[in-house]
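Okay, query.cif now, which holds mmCIF, C-alpha atoms:
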data_protein
loop_
_atom_site.label_atom_id
_atom_site.label_comp_id
_atom_site.auth_asym_id
_atom_site.auth_seq_id
_atom_site.Cartn_x
_atom_site.Cartn_y
_atom_site.Cartn_z
CA MET B 1 5.25 -15.98 -9.95
CA LYS B 2 2.74 -13.85 -8.01
CA THR B 3 3.18 -10.13 -7.42
CA LEU B 4 1.65 -8.42 -4.39
CA THR B 5 1.72 -4.63 -4.26
CA LEU B 6 1.00 -3.01 -0.91
CA LEU B 7 -0.11 0.63 -0.89
CA ARG B 8 -0.42 2.59 2.32
CA HIS B 9 -3.08 5.33 2.25
CA ALA B 10 -1.82 8.88 1.71
CA LYS B 11 -1.40 11.48 4.46
CA SER B 12 -4.69 12.19 6.18
CA GLY B 13 -5.94 15.30 7.89
CA TRP B 14 -5.77 15.15 11.67
CA ASP B 15 -7.16 18.68 11.86
CA ASP B 16 -10.45 17.67 10.26
CA PRO B 17 -13.16 17.44 12.95
CA VAL B 18 -14.55 13.97 12.24
CA ALA B 19 -16.15 11.81 14.90
CA ARG B 20 -14.44 8.56 13.90
CA ASP B 21 -10.91 7.69 12.78
CA PHE B 22 -12.52 5.72 9.93
CA ASP B 23 -13.86 8.98 8.44
CA ARG B 24 -10.61 10.98 8.37
CA PRO B 25 -10.01 12.50 4.90
CA LEU B 26 -6.72 13.17 3.11
CA ASN B 27 -4.98 16.48 3.52
CA ALA B 28 -3.64 18.50 0.56
CA LYS B 29 -0.14 16.99 0.78
CA GLY B 30 -1.64 13.49 0.82
CA LYS B 31 -3.71 14.20 -2.30
CA ARG B 32 -0.64 15.52 -4.11
CA ALA B 33 1.49 12.54 -3.06
CA ALA B 34 -1.12 9.98 -4.11
CA ALA B 35 -1.56 11.54 -7.56
CA MET B 36 2.22 11.56 -8.04
CA VAL B 37 2.51 7.91 -6.97
CA GLY B 38 -0.28 7.08 -9.44
CA ARG B 39 1.67 8.77 -12.25
CA HIS B 40 4.75 6.80 -11.25
CA MET B 41 2.75 3.55 -11.23
CA ARG B 42 1.64 4.35 -14.79
CA SER B 43 5.25 5.08 -15.88
CA LEU B 44 6.31 1.68 -14.49
CA GLY B 45 3.49 -0.06 -16.32
CA LEU B 46 2.07 -1.58 -13.14
CA ALA B 47 -1.19 -3.47 -13.63
CA PHE B 48 -3.38 -5.47 -11.27
CA ASP B 49 -5.87 -8.22 -11.93
CA HIS B 50 -7.16 -8.20 -8.34
CA ALA B 51 -7.43 -5.41 -5.75
CA ILE B 52 -8.62 -5.26 -2.14
CA ALA B 53 -8.83 -2.11 -0.01
CA SER B 54 -9.86 -0.93 3.40
CA PRO B 55 -13.20 0.91 3.25
CA ALA B 56 -11.85 3.85 5.30
CA VAL B 57 -12.41 7.32 3.80
CA ARG B 58 -8.68 8.07 3.58
CA VAL B 59 -8.13 4.88 1.58
CA SER B 60 -10.97 5.68 -0.84
CA GLU B 61 -9.64 9.21 -1.31
CA THR B 62 -6.11 7.84 -1.82
CA LEU B 63 -7.40 5.56 -4.55
CA GLU B 64 -9.23 8.45 -6.25
CA GLN B 65 -5.97 10.41 -6.41
CA ILE B 66 -3.92 7.36 -7.43
CA GLU B 67 -6.36 6.73 -10.27
CA SER B 68 -6.16 10.35 -11.44
CA GLY B 69 -2.40 9.98 -11.90
CA TYR B 70 -2.48 6.33 -12.98
CA GLY B 71 -4.99 7.03 -15.73
CA ARG B 72 -7.18 4.00 -15.12
CA THR B 73 -9.71 2.78 -12.58
CA ILE B 74 -8.59 0.24 -10.00
CA ALA B 75 -12.04 -0.54 -8.50
CA PRO B 76 -10.95 -2.69 -5.55
CA ASP B 77 -13.19 -4.91 -3.50
CA LEU B 78 -13.64 -3.21 -0.12
CA ASP B 79 -12.89 -5.49 2.81
CA ARG B 80 -13.57 -4.30 6.37
CA ARG B 81 -10.92 -6.75 7.67
CA VAL B 82 -8.21 -4.57 6.08
CA TYR B 83 -9.10 -1.50 8.19
CA LEU B 84 -6.29 -1.16 10.77
CA ALA B 85 -5.51 -4.88 10.34
CA SER B 86 -2.55 -6.73 11.79
CA ALA B 87 -0.05 -8.46 9.51
CA ALA B 88 -1.65 -11.81 10.39
CA THR B 89 -5.10 -10.61 9.31
CA LEU B 90 -3.69 -9.10 6.11
CA LEU B 91 -1.97 -12.40 5.35
CA ASP B 92 -5.31 -14.18 5.80
CA VAL B 93 -6.82 -11.76 3.27
CA VAL B 94 -3.99 -12.45 0.80
CA HIS B 95 -4.40 -16.21 1.28
CA GLY B 96 -7.97 -15.76 0.03
CA PHE B 97 -7.04 -14.05 -3.25
CA PRO B 98 -8.35 -15.86 -6.35
CA ALA B 99 -5.88 -18.43 -7.70
CA GLU B 100 -6.06 -16.98 -11.22
CA ALA B 101 -4.89 -13.52 -10.07
CA GLU B 102 -1.23 -12.96 -10.94
CA SER B 103 -0.76 -9.40 -9.71
CA ALA B 104 -2.74 -8.06 -6.77
CA LEU B 105 -2.98 -4.72 -4.99
CA LEU B 106 -3.74 -4.43 -1.27
CA VAL B 107 -4.48 -0.91 0.02
CA GLY B 108 -4.56 -0.26 3.75
CA HIS B 109 -2.90 1.07 6.86
CA ASN B 110 0.13 0.89 9.07
CA PRO B 111 1.47 -0.74 11.12
CA GLY B 112 -0.13 -3.77 9.42
CA LEU B 113 1.33 -3.21 5.94
CA GLU B 114 4.85 -2.59 7.24
CA ASP B 115 4.62 -5.61 9.52
CA LEU B 116 3.39 -7.74 6.60
CA VAL B 117 6.45 -6.82 4.51
CA LEU B 118 8.75 -7.58 7.43
CA LEU B 119 6.98 -10.91 8.01
CA LEU B 120 7.09 -12.04 4.38
CA VAL B 121 10.58 -10.84 3.40
CA ALA B 122 13.40 -12.67 5.17
CA ASP B 123 15.65 -10.54 7.33
CA GLY B 124 19.12 -10.22 5.83
CA VAL B 125 21.12 -7.87 3.72
CA ASP B 126 18.39 -6.13 1.75
CA PRO B 127 18.46 -2.32 1.66
CA LEU B 128 14.81 -2.19 0.54
CA ARG B 129 13.68 -4.27 3.53
CA ASP B 130 15.82 -2.09 5.80
CA ALA B 131 14.09 1.02 4.38
CA VAL B 132 10.66 -0.50 5.10
CA GLU B 133 11.75 -1.40 8.62
CA ASP B 134 12.98 2.15 9.14
CA LYS B 135 9.63 3.66 8.06
CA TYR B 136 6.77 2.84 5.71
CA PRO B 137 5.49 6.37 4.97
CA THR B 138 2.03 7.29 3.78
CA ALA B 139 1.34 6.79 0.04
CA SER B 140 4.28 4.38 -0.25
CA ILE B 141 4.27 1.22 -2.34
CA ALA B 142 6.01 -2.06 -1.57
CA GLU B 143 6.06 -4.69 -4.31
CA LEU B 144 6.68 -8.31 -3.32
CA GLN B 145 7.08 -11.38 -5.50
CA PHE B 146 6.40 -15.00 -4.57
CA GLU B 147 6.68 -18.43 -6.11
CA GLY B 148 3.59 -20.61 -5.85
CA ASP B 149 0.02 -19.61 -5.15
CA TRP B 150 -1.58 -17.08 -2.80
CA ALA B 151 -2.60 -19.70 -0.26
CA SER B 152 1.01 -20.87 0.19
CA ILE B 153 2.57 -17.49 0.93
CA ALA B 154 4.36 -17.77 4.27
CA THR B 155 6.92 -16.08 6.49
CA GLY B 156 10.16 -15.30 4.68
CA THR B 157 8.97 -16.47 1.24
CA ALA B 158 8.79 -13.11 -0.57
CA ARG B 159 11.28 -11.03 -2.44
CA LEU B 160 10.87 -7.26 -2.06
CA THR B 161 11.35 -5.90 -5.58
CA ARG B 162 10.30 -2.25 -5.09
CA PHE B 163 9.78 0.22 -2.29
CA ILE B 164 8.64 3.61 -3.56
CA ARG B 165 8.04 6.52 -1.21
CA PRO B 166 6.54 9.85 -2.30
CA ARG B 167 9.71 11.66 -1.21
CA ASP B 168 11.69 9.48 -3.66
CA LEU B 169 9.62 11.04 -6.46
CA ASP B 170 9.48 14.60 -5.09
CA PRO B 171 11.59 15.73 -2.10
CA THR B 172 8.90 18.28 -1.15
CA LEU B 173 6.71 15.29 -0.19
CA GLY B 174 9.22 14.20 2.46
CA PRO B 175 8.65 14.32 6.20
CA ASP B 176 10.36 17.68 6.71
CA ALA B 177 8.55 19.47 3.91
CA ASP B 178 5.23 21.25 4.32
#

Written as structure tokens, that's how I'd like the structure from this file.
Amino acid sequence: MKTLTLLRHAKSGWDDPVARDFDRPLNAKGKRAAAMVGRHMRSLGLAFDHAIASPAVRVSETLEQIESGYGRTIAPDLDRRVYLASAATLLDVVHGFPAEAESALLVGHNPGLEDLVLLLVADGVDPLRDAVEDKYPTASIAELQFEGDWASIATGTARLTRFIRPRDLDPTLGPDAD
């Protein structure tokens, strides 16, 4: 059984005057949400033996905050293909994970992460999948499990075992809160 955890970067600052989207930093709410999600990851005992992340500034800053709450370093490999990637590109990245990895973390952006969940988890009566389809908010985690190896993961072969949004942990981190 393989476990793939998808983490969307935390809320970034649109007010920050950066020249490129790639360089946008997190805002204060995003930093708070990421640290809280990291603490929750620690409480669940989540561990990863492989990690890949987009090299965008907001992803790096998300990981810094996640690690502060999680209490350990994740140290992902940075992969430019993950930056604003489609679900198909993200699936190609996952197919390339090392065979010996049992639990992997992929940190990136929407809509690619949301689309990847919807691609890999069969449509049906699954309230977690429905929640992802409704919205995959910033700093949210989706955990998927698969039989077989990374290279054989295909459409509809995953089971969505967790979907954790910051607002589930603290209502003040929801969309209507400042």

(Q) When you look at stretch 80-85 of chain B with a cut-off of 6 Å (counting all atoms listed in the file), what residues show up, excluding the ones that are within fewer than 3 positions of it in the same chain? I need them as a list in words. (A) Ser54, Thr89, His109 and Gly112 of chain B

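Neighbouring residues of B:Pro98 at 12 Å or closer, counting all atoms listed in the file and skipping chain neighbours under 4 positions away, are Lys2, Asp49, His50, Ala51, Ile52, Val93, Val94, Glu102, Ser103, Ala104, Asp149, Trp150 and Ala151 of chain B.
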
Q.
For B:Tyr136, find every residue with an atom within 10 Å (counting only C-alpha atoms), except residues of its own chain fewer than 4 positions away, and show them as a ChimeraX atom specification.
A. /B:7-8,109-111,113-115,117,131-132,140-142,163-165

I would like the residues chosen by the PyMOL selection byres ((chain B and resi 11-16) around 9) on the shown file; could you give them as an mmCIF file with C-alpha atoms, in the coordinates of the input?
data_model
loop_
_atom_site.group_PDB
_atom_site.id
_atom_site.type_symbol
_atom_site.label_atom_id
_atom_site.label_comp_id
_atom_site.auth_asym_id
_atom_site.auth_seq_id
_atom_site.Cartn_x
_atom_site.Cartn_y
_atom_site.Cartn_z
ATOM 1 C CA HIS B 9 -3.080 5.330 2.250
ATOM 2 C CA ALA B 10 -1.820 8.880 1.710
ATOM 3 C CA PRO B 17 -13.160 17.440 12.950
ATOM 4 C CA VAL B 18 -14.550 13.970 12.240
ATOM 5 C CA ARG B 24 -10.610 10.980 8.370
ATOM 6 C CA PRO B 25 -10.010 12.500 4.900
ATOM 7 C CA LEU B 26 -6.720 13.170 3.110
ATOM 8 C CA ASN B 27 -4.980 16.480 3.520
ATOM 9 C CA ALA B 28 -3.640 18.500 0.560
ATOM 10 C CA LYS B 29 -0.140 16.990 0.780
ATOM 11 C CA GLY B 30 -1.640 13.490 0.820
ATOM 12 C CA LYS B 31 -3.710 14.200 -2.300
ATOM 13 C CA ALA B 33 1.490 12.540 -3.060
ATOM 14 C CA ALA B 34 -1.120 9.980 -4.110
ATOM 15 C CA ARG B 58 -8.680 8.070 3.580
ATOM 16 C CA THR B 62 -6.110 7.840 -1.820
ATOM 17 C CA PRO B 137 5.490 6.370 4.970
ATOM 18 C CA THR B 138 2.030 7.290 3.780
ATOM 19 C CA ALA B 139 1.340 6.790 0.040
#

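Using all atoms listed in the file, the nearest neighbour of B:Ala56 within the list B:Met36, B:Val107, B:Leu44, B:Ala75 is B:Val107.
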
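Shortest separation to B:Gly124 among B:Gly148, B:Arg159, B:Phe97, B:Arg39 occurs at residue B:Arg159, atoms counted being all atoms listed in the file.
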
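Here the question is which of B:Thr172, B:Arg72, B:Asp77, B:Leu46 gets nearest to B:Leu4 using all atoms listed in the file, and that residue is B:Leu46.
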
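Between atom CA of B:Glu143 and atom CA of B:Leu106 the separation is 10.3 Å.
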
Q. Of the candidates B:Val59, B:Ala88, B:Ala47, B:Ala154, which shows the shortest atom-to-atom distance to B:Ile74, using only C-alpha atoms?
A. B:Ala47

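Proximity to B:Leu63 was assessed for B:Ala35, B:Gly96, B:Asp79, B:Ala19 counting only C-alpha atoms; the smallest distance is recorded for B:Ala35.
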